[in-house]
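A.B. asks: What follows is data.pdb, made up of PDB, C-alpha atoms:
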```pdb
ATOM      1  CA  MET A   1     -30.001   9.456   1.048
ATOM      2  CA  ALA A   2     -30.829   9.888  -2.583
ATOM      3  CA  THR A   3     -33.592  12.268  -3.527
ATOM      4  CA  ASP A   4     -35.199   9.845  -5.967
ATOM      5  CA  ASN A   5     -37.190   6.767  -4.997
ATOM      6  CA  PHE A   6     -35.148   4.270  -7.010
ATOM      7  CA  TYR A   7     -32.945   1.988  -4.954
ATOM      8  CA  GLU A   8     -31.399  -1.168  -6.323
ATOM      9  CA  THR A   9     -31.865  -4.360  -4.356
ATOM     10  CA  LYS A  10     -30.708  -7.948  -4.717
ATOM     11  CA  ASN A  11     -32.224 -10.737  -2.636
ATOM     12  CA  GLY A  12     -33.759  -8.101  -0.356
ATOM     13  CA  ARG A  13     -30.423  -6.393   0.313
ATOM     14  CA  THR A  14     -29.507  -2.839  -0.637
ATOM     15  CA  SER A  15     -25.713  -3.364  -0.525
ATOM     16  CA  PHE A  16     -24.277  -6.002  -2.817
ATOM     17  CA  PHE A  17     -21.883  -6.915  -5.613
ATOM     18  CA  ASP A  18     -23.613  -8.069  -8.801
ATOM     19  CA  ASP A  19     -21.019  -9.823 -10.949
ATOM     20  CA  GLY A  20     -19.484 -13.273 -10.815
ATOM     21  CA  LEU A  21     -16.375 -15.363 -10.498
ATOM     22  CA  LEU A  22     -15.866 -16.002 -14.218
ATOM     23  CA  GLN A  23     -15.775 -12.275 -14.966
ATOM     24  CA  PHE A  24     -13.294 -11.768 -12.114
ATOM     25  CA  ILE A  25     -11.044 -14.504 -13.468
ATOM     26  CA  GLY A  26     -11.296 -13.114 -17.007
ATOM     27  CA  TRP A  27     -10.486  -9.521 -16.028
ATOM     28  CA  THR A  28      -7.629 -10.667 -13.805
ATOM     29  CA  ILE A  29      -6.062 -12.844 -16.516
ATOM     30  CA  LEU A  30      -6.422 -10.032 -19.046
ATOM     31  CA  GLY A  31      -4.781  -7.582 -16.620
ATOM     32  CA  ILE A  32      -1.884  -9.956 -15.976
ATOM     33  CA  LEU A  33      -1.353 -10.633 -19.691
ATOM     34  CA  VAL A  34      -1.405  -6.940 -20.575
ATOM     35  CA  THR A  35       1.062  -6.158 -17.782
ATOM     36  CA  VAL A  36       3.439  -8.995 -18.692
ATOM     37  CA  PHE A  37       3.405  -8.415 -22.460
ATOM     38  CA  THR A  38       4.051  -4.680 -22.043
ATOM     39  CA  LEU A  39       6.782  -5.276 -19.433
ATOM     40  CA  GLY A  40       4.732  -3.404 -16.836
ATOM     41  CA  ILE A  41       4.180  -0.246 -18.863
ATOM     42  CA  CYS A  42       0.424  -0.861 -19.064
ATOM     43  CA  TYR A  43       0.057  -1.834 -15.395
ATOM     44  CA  PRO A  44      -1.934   1.372 -14.687
ATOM     45  CA  TRP A  45      -4.356   0.318 -17.441
ATOM     46  CA  ALA A  46      -4.718  -3.131 -15.842
ATOM     47  CA  LEU A  47      -5.388  -1.517 -12.456
ATOM     48  CA  THR A  48      -8.043   0.853 -13.797
ATOM     49  CA  MET A  49      -9.673  -2.011 -15.678
ATOM     50  CA  ILE A  50      -9.939  -4.129 -12.500
ATOM     51  CA  TYR A  51     -10.967  -1.170 -10.304
ATOM     52  CA  GLY A  52     -13.645  -0.198 -12.812
ATOM     53  CA  TRP A  53     -15.032  -3.720 -12.923
ATOM     54  CA  LYS A  54     -15.196  -3.981  -9.116
ATOM     55  CA  ILE A  55     -16.620  -0.537  -8.470
ATOM     56  CA  ASN A  56     -19.093  -0.491 -11.375
ATOM     57  CA  HIS A  57     -20.648  -3.719 -10.073
ATOM     58  CA  THR A  58     -20.974  -2.517  -6.483
ATOM     59  CA  VAL A  59     -24.196  -1.152  -4.963
ATOM     60  CA  ILE A  60     -24.098   0.486  -1.524
ATOM     61  CA  GLU A  61     -27.393   1.217   0.273
ATOM     62  CA  GLY A  62     -29.248   0.935  -3.021
ATOM     63  CA  ARG A  63     -26.956   3.335  -4.876
ATOM     64  CA  ARG A  64     -24.798   2.026  -7.705
ATOM     65  CA  MET A  65     -21.207   3.195  -7.742
ATOM     66  CA  ARG A  66     -19.281   4.409 -10.794
ATOM     67  CA  PHE A  67     -15.553   4.508 -11.432
ATOM     68  CA  SER A  68     -14.387   7.330 -13.702
ATOM     69  CA  GLY A  69     -10.615   6.950 -13.445
ATOM     70  CA  SER A  70      -8.562   6.517 -16.590
ATOM     71  CA  ALA A  71      -5.319   4.705 -17.245
ATOM     72  CA  PHE A  72      -3.886   7.930 -18.651
ATOM     73  CA  GLY A  73      -4.692   9.790 -15.420
ATOM     74  CA  LEU A  74      -3.166   7.055 -13.291
ATOM     75  CA  PHE A  75      -0.104   6.782 -15.542
ATOM     76  CA  GLY A  76       0.885  10.387 -14.771
ATOM     77  CA  ASN A  77       0.685   9.705 -11.046
ATOM     78  CA  TRP A  78       2.488   6.399 -11.518
ATOM     79  CA  ILE A  79       5.490   8.139 -13.123
ATOM     80  CA  LYS A  80       5.555  10.762 -10.350
ATOM     81  CA  TRP A  81       5.397   8.070  -7.657
ATOM     82  CA  LEU A  82       8.130   6.048  -9.359
ATOM     83  CA  LEU A  83      10.422   9.089  -9.424
ATOM     84  CA  LEU A  84       9.718   9.754  -5.735
ATOM     85  CA  ILE A  85      10.533   6.118  -4.917
ATOM     86  CA  ILE A  86      13.860   6.439  -6.752
ATOM     87  CA  ILE A  87      14.712   9.800  -5.137
ATOM     88  CA  THR A  88      13.912   8.532  -1.627
ATOM     89  CA  LEU A  89      15.728   5.223  -2.182
ATOM     90  CA  GLY A  90      12.492   3.256  -1.886
ATOM     91  CA  ILE A  91      11.056   4.935   1.219
ATOM     92  CA  TYR A  92       8.180   6.540  -0.716
ATOM     93  CA  SER A  93       6.984   3.096  -1.796
ATOM     94  CA  PHE A  94       5.299   2.778   1.609
ATOM     95  CA  TRP A  95       3.002   5.693   0.659
ATOM     96  CA  VAL A  96       2.162   4.524  -2.855
ATOM     97  CA  PHE A  97      -0.578   2.168  -1.620
ATOM     98  CA  ILE A  98      -2.244   5.063   0.256
ATOM     99  CA  LYS A  99      -1.888   7.378  -2.746
ATOM    100  CA  LEU A 100      -3.411   4.710  -4.989
ATOM    101  CA  GLU A 101      -6.382   4.251  -2.634
ATOM    102  CA  ASP A 102      -6.845   8.039  -2.514
ATOM    103  CA  TRP A 103      -6.791   8.227  -6.330
ATOM    104  CA  LYS A 104      -9.326   5.406  -6.517
ATOM    105  CA  ALA A 105     -11.645   7.158  -4.020
ATOM    106  CA  LYS A 106     -11.303  10.460  -5.913
ATOM    107  CA  ASN A 107     -12.493   8.718  -9.081
ATOM    108  CA  THR A 108     -15.418   6.892  -7.485
ATOM    109  CA  SER A 109     -18.936   8.317  -7.212
ATOM    110  CA  PHE A 110     -22.567   7.268  -7.012
ATOM    111  CA  ILE A 111     -24.691   7.059 -10.168
ATOM    112  CA  ASN A 112     -28.100   7.419  -8.519
TER     113      ASN A 112
END
```
Any chance you could give the structure as structure tokens?
C.D. replies:
Amino acid sequence: MATDNFYETKNGRTSFFDDGLLQFIGWTILGILVTVFTLGICYPWALTMIYGWKINHTVIEGRRMRFSGSAFGLFGNWIKWLLLIIITLGIYSFWVFIKLEDWKAKNTSFIN
């Protein structure tokens, strides 16, 4: 529990997502365009953009979440994971999803 008395609520609920469909569509299209036009090089940027949008608009038990990950930070991991996938002939690709979720959790915190 937070030590302060400020908890966000929406329609009487303390856990909610406070953005809409149009923003989701816009961020997704932007992420796809950036990824396609850079031939995948900026995919980590697209991921951090979408993660940030989702997490920054999420409130859990009255506490707003914050995503602090950067595309630069993810890009370093992305290169490392790509090399491990090549070295292991694709076997490491099964772990990339877990590593990505771990990186996302490491860069997520509560604001209040």
A.B. asks: Residues picked by the PyMOL selection byres ((chain A and resi 67-72) around 9) here, as an mmCIF file with C-alpha atoms, in the coordinates of the input?
C.D. replies:
```cif
data_model
loop_
_atom_site.group_PDB
_atom_site.id
_atom_site.type_symbol
_atom_site.label_atom_id
_atom_site.label_comp_id
_atom_site.auth_asym_id
_atom_site.auth_seq_id
_atom_site.Cartn_x
_atom_site.Cartn_y
_atom_site.Cartn_z
ATOM 1 C CA CYS A 42 0.424 -0.861 -19.064
ATOM 2 C CA TYR A 43 0.057 -1.834 -15.395
ATOM 3 C CA PRO A 44 -1.934 1.372 -14.687
ATOM 4 C CA TRP A 45 -4.356 0.318 -17.441
ATOM 5 C CA ALA A 46 -4.718 -3.131 -15.842
ATOM 6 C CA LEU A 47 -5.388 -1.517 -12.456
ATOM 7 C CA THR A 48 -8.043 0.853 -13.797
ATOM 8 C CA MET A 49 -9.673 -2.011 -15.678
ATOM 9 C CA TYR A 51 -10.967 -1.170 -10.304
ATOM 10 C CA GLY A 52 -13.645 -0.198 -12.812
ATOM 11 C CA TRP A 53 -15.032 -3.720 -12.923
ATOM 12 C CA LYS A 54 -15.196 -3.981 -9.116
ATOM 13 C CA ILE A 55 -16.620 -0.537 -8.470
ATOM 14 C CA ASN A 56 -19.093 -0.491 -11.375
ATOM 15 C CA MET A 65 -21.207 3.195 -7.742
ATOM 16 C CA ARG A 66 -19.281 4.409 -10.794
ATOM 17 C CA GLY A 73 -4.692 9.790 -15.420
ATOM 18 C CA LEU A 74 -3.166 7.055 -13.291
ATOM 19 C CA PHE A 75 -0.104 6.782 -15.542
ATOM 20 C CA GLY A 76 0.885 10.387 -14.771
ATOM 21 C CA TRP A 103 -6.791 8.227 -6.330
ATOM 22 C CA LYS A 104 -9.326 5.406 -6.517
ATOM 23 C CA ALA A 105 -11.645 7.158 -4.020
ATOM 24 C CA LYS A 106 -11.303 10.460 -5.913
ATOM 25 C CA ASN A 107 -12.493 8.718 -9.081
ATOM 26 C CA THR A 108 -15.418 6.892 -7.485
ATOM 27 C CA SER A 109 -18.936 8.317 -7.212
ATOM 28 C CA PHE A 110 -22.567 7.268 -7.012
#
```
A.B. asks: Taking all atoms listed in the file into account, name the residue in A:Val96, A:Ile91, A:Ile79, A:Ile29 that is nearest to Ile41 (chain A).
C.D. replies: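 Comparing A:Val96, A:Ile91, A:Ile79, A:Ile29 against Ile41 (chain A), the winner is A:Ile79.
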A.B. asks: Interatomic distance between CA of Thr28 (chain A) and CA of Phe16 (chain A)?
C.D. replies: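 Going from CA of Thr28 (chain A) over to CA of Phe16 (chain A), I get 20.5 Å.
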A.B. asks: Between A:Gly20, A:Trp81, A:Lys10, A:Gly40, which is the closest to Ser93 (chain A) once you count only C-alpha atoms?
C.D. replies: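 Going through A:Gly20, A:Trp81, A:Lys10, A:Gly40 one by one, the smallest distance to Ser93 (chain A) is for A:Trp81.
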A.B. asks: Box in all listed atoms of region 32-42 of chain A, axis-aligned, with 4 Å more on each side; write out centre and edge lengths in Å to one decimal as AutoDock Vina command-line options.
C.D. replies:
```
--center_x 2.4 --center_y -5.4 --center_z -19.2 --size_x 16.7 --size_y 18.4 --size_z 14.5
```
A.B. asks: Running the PyMOL selection byres ((chain A and resi 18) around 8) on this model by hand, what would come out? Give it as a tab-separated table (two decimals) with C-alpha atoms, keeping the file's coordinate frame.
C.D. replies:
```tsv
chain	number	residue	atom	x	y	z
A	16	PHE	CA	-24.28	-6.00	-2.82
A	17	PHE	CA	-21.88	-6.92	-5.61
A	19	ASP	CA	-21.02	-9.82	-10.95
A	20	GLY	CA	-19.48	-13.27	-10.82
A	57	HIS	CA	-20.65	-3.72	-10.07
A	58	THR	CA	-20.97	-2.52	-6.48
A	59	VAL	CA	-24.20	-1.15	-4.96
```
A.B. asks: At what distance in Å, to one decimal, does CA of Ile60 (chain A) lie from CA of Thr14 (chain A)?
C.D. replies: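 A separation of 6.4 Å between them.
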A.B. asks: So which residues get picked by the PyMOL selection byres ((chain A and resi 62) around 9) here, written as a PyMOL selection string?
C.D. replies: chain A and resi 6-9+13-16+59-61+63-64+112
A.B. asks: Go ahead and save the residues from that selection, with C-alpha atoms, as a tab-separated table (two decimals), in the frame of the given file.
C.D. replies:
```tsv
chain	number	residue	atom	x	y	z
A	6	PHE	CA	-35.15	4.27	-7.01
A	7	TYR	CA	-32.94	1.99	-4.95
A	8	GLU	CA	-31.40	-1.17	-6.32
A	9	THR	CA	-31.86	-4.36	-4.36
A	13	ARG	CA	-30.42	-6.39	0.31
A	14	THR	CA	-29.51	-2.84	-0.64
A	15	SER	CA	-25.71	-3.36	-0.52
A	16	PHE	CA	-24.28	-6.00	-2.82
A	59	VAL	CA	-24.20	-1.15	-4.96
A	60	ILE	CA	-24.10	0.49	-1.52
A	61	GLU	CA	-27.39	1.22	0.27
A	63	ARG	CA	-26.96	3.34	-4.88
A	64	ARG	CA	-24.80	2.03	-7.70
A	112	ASN	CA	-28.10	7.42	-8.52
```
A.B. asks: So the first atom is CA of Gly26 (chain A) and the second is CA of Asp102 (chain A); what is the distance between them in Å, to one decimal place?
C.D. replies: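 These atoms are spaced 26.0 Å apart.
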A.B. asks: Can you work out which one of A:Ile50, A:Leu100, A:Leu89, A:Thr35 has the shortest atom-to-atom distance to Gln23 (chain A), counting all atoms listed in the file?
C.D. replies: A:Ile50
A.B. asks: Render region 12-25 of chain A from the structure in the preceding block as a file of N, CA, C and O atoms, as a PDB file, in the first residue's frame.
C.D. replies:
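The resulting file, selection-v4.pdb, is reproduced below:
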```pdb
ATOM      1  N   GLY A  12     -15.375   4.117 -10.001  1.00  0.00           N
ATOM      2  CA  GLY A  12     -15.378   3.391  -8.738  1.00  0.00           C
ATOM      3  C   GLY A  12     -14.366   2.259  -8.645  1.00  0.00           C
ATOM      4  O   GLY A  12     -14.314   1.562  -7.643  1.00  0.00           O
ATOM      5  N   ARG A  13     -13.556   2.088  -9.673  1.00  0.00           N
ATOM      6  CA  ARG A  13     -12.552   1.014  -9.661  1.00  0.00           C
ATOM      7  C   ARG A  13     -11.172   1.600  -9.416  1.00  0.00           C
ATOM      8  O   ARG A  13     -10.872   2.703  -9.853  1.00  0.00           O
ATOM      9  N   THR A  14     -10.308   0.822  -8.767  1.00  0.00           N
ATOM     10  CA  THR A  14      -8.948   1.283  -8.517  1.00  0.00           C
ATOM     11  C   THR A  14      -7.936   0.673  -9.491  1.00  0.00           C
ATOM     12  O   THR A  14      -6.780   1.073  -9.498  1.00  0.00           O
ATOM     13  N   SER A  15      -8.348  -0.283 -10.306  1.00  0.00           N
ATOM     14  CA  SER A  15      -7.475  -0.848 -11.341  1.00  0.00           C
ATOM     15  C   SER A  15      -8.159  -0.658 -12.681  1.00  0.00           C
ATOM     16  O   SER A  15      -9.297  -1.108 -12.875  1.00  0.00           O
ATOM     17  N   PHE A  16      -7.462   0.027 -13.588  1.00  0.00           N
ATOM     18  CA  PHE A  16      -8.075   0.339 -14.877  1.00  0.00           C
ATOM     19  C   PHE A  16      -7.018   0.795 -15.878  1.00  0.00           C
ATOM     20  O   PHE A  16      -5.878   1.058 -15.522  1.00  0.00           O
ATOM     21  N   PHE A  17      -7.452   0.879 -17.134  1.00  0.00           N
ATOM     22  CA  PHE A  17      -6.649   1.416 -18.223  1.00  0.00           C
ATOM     23  C   PHE A  17      -7.375   2.660 -18.708  1.00  0.00           C
ATOM     24  O   PHE A  17      -8.589   2.611 -18.956  1.00  0.00           O
ATOM     25  N   ASP A  18      -6.671   3.787 -18.859  1.00  0.00           N
ATOM     26  CA  ASP A  18      -7.378   5.046 -19.106  1.00  0.00           C
ATOM     27  C   ASP A  18      -7.113   5.697 -20.471  1.00  0.00           C
ATOM     28  O   ASP A  18      -7.161   6.899 -20.604  1.00  0.00           O
ATOM     29  N   ASP A  19      -6.852   4.909 -21.493  1.00  0.00           N
ATOM     30  CA  ASP A  19      -6.735   5.478 -22.824  1.00  0.00           C
ATOM     31  C   ASP A  19      -7.667   4.726 -23.753  1.00  0.00           C
ATOM     32  O   ASP A  19      -8.339   3.791 -23.340  1.00  0.00           O
ATOM     33  N   GLY A  20      -7.723   5.107 -25.018  1.00  0.00           N
ATOM     34  CA  GLY A  20      -8.739   4.575 -25.897  1.00  0.00           C
ATOM     35  C   GLY A  20      -8.242   3.884 -27.147  1.00  0.00           C
ATOM     36  O   GLY A  20      -7.038   3.811 -27.422  1.00  0.00           O
ATOM     37  N   LEU A  21      -9.191   3.423 -27.918  1.00  0.00           N
ATOM     38  CA  LEU A  21      -8.925   2.656 -29.125  1.00  0.00           C
ATOM     39  C   LEU A  21      -8.193   3.470 -30.192  1.00  0.00           C
ATOM     40  O   LEU A  21      -7.267   2.966 -30.828  1.00  0.00           O
ATOM     41  N   LEU A  22      -8.584   4.720 -30.387  1.00  0.00           N
ATOM     42  CA  LEU A  22      -7.931   5.524 -31.425  1.00  0.00           C
ATOM     43  C   LEU A  22      -6.447   5.715 -31.148  1.00  0.00           C
ATOM     44  O   LEU A  22      -5.621   5.665 -32.072  1.00  0.00           O
ATOM     45  N   GLN A  23      -6.087   5.923 -29.888  1.00  0.00           N
ATOM     46  CA  GLN A  23      -4.676   6.066 -29.537  1.00  0.00           C
ATOM     47  C   GLN A  23      -3.937   4.748 -29.798  1.00  0.00           C
ATOM     48  O   GLN A  23      -2.814   4.748 -30.310  1.00  0.00           O
ATOM     49  N   PHE A  24      -4.581   3.625 -29.451  1.00  0.00           N
ATOM     50  CA  PHE A  24      -3.966   2.321 -29.693  1.00  0.00           C
ATOM     51  C   PHE A  24      -3.711   2.117 -31.188  1.00  0.00           C
ATOM     52  O   PHE A  24      -2.622   1.702 -31.590  1.00  0.00           O
ATOM     53  N   ILE A  25      -4.691   2.428 -31.990  1.00  0.00           N
ATOM     54  CA  ILE A  25      -4.544   2.280 -33.441  1.00  0.00           C
ATOM     55  C   ILE A  25      -3.427   3.194 -33.953  1.00  0.00           C
ATOM     56  O   ILE A  25      -2.573   2.768 -34.739  1.00  0.00           O
TER      57      ILE A  25
END
```
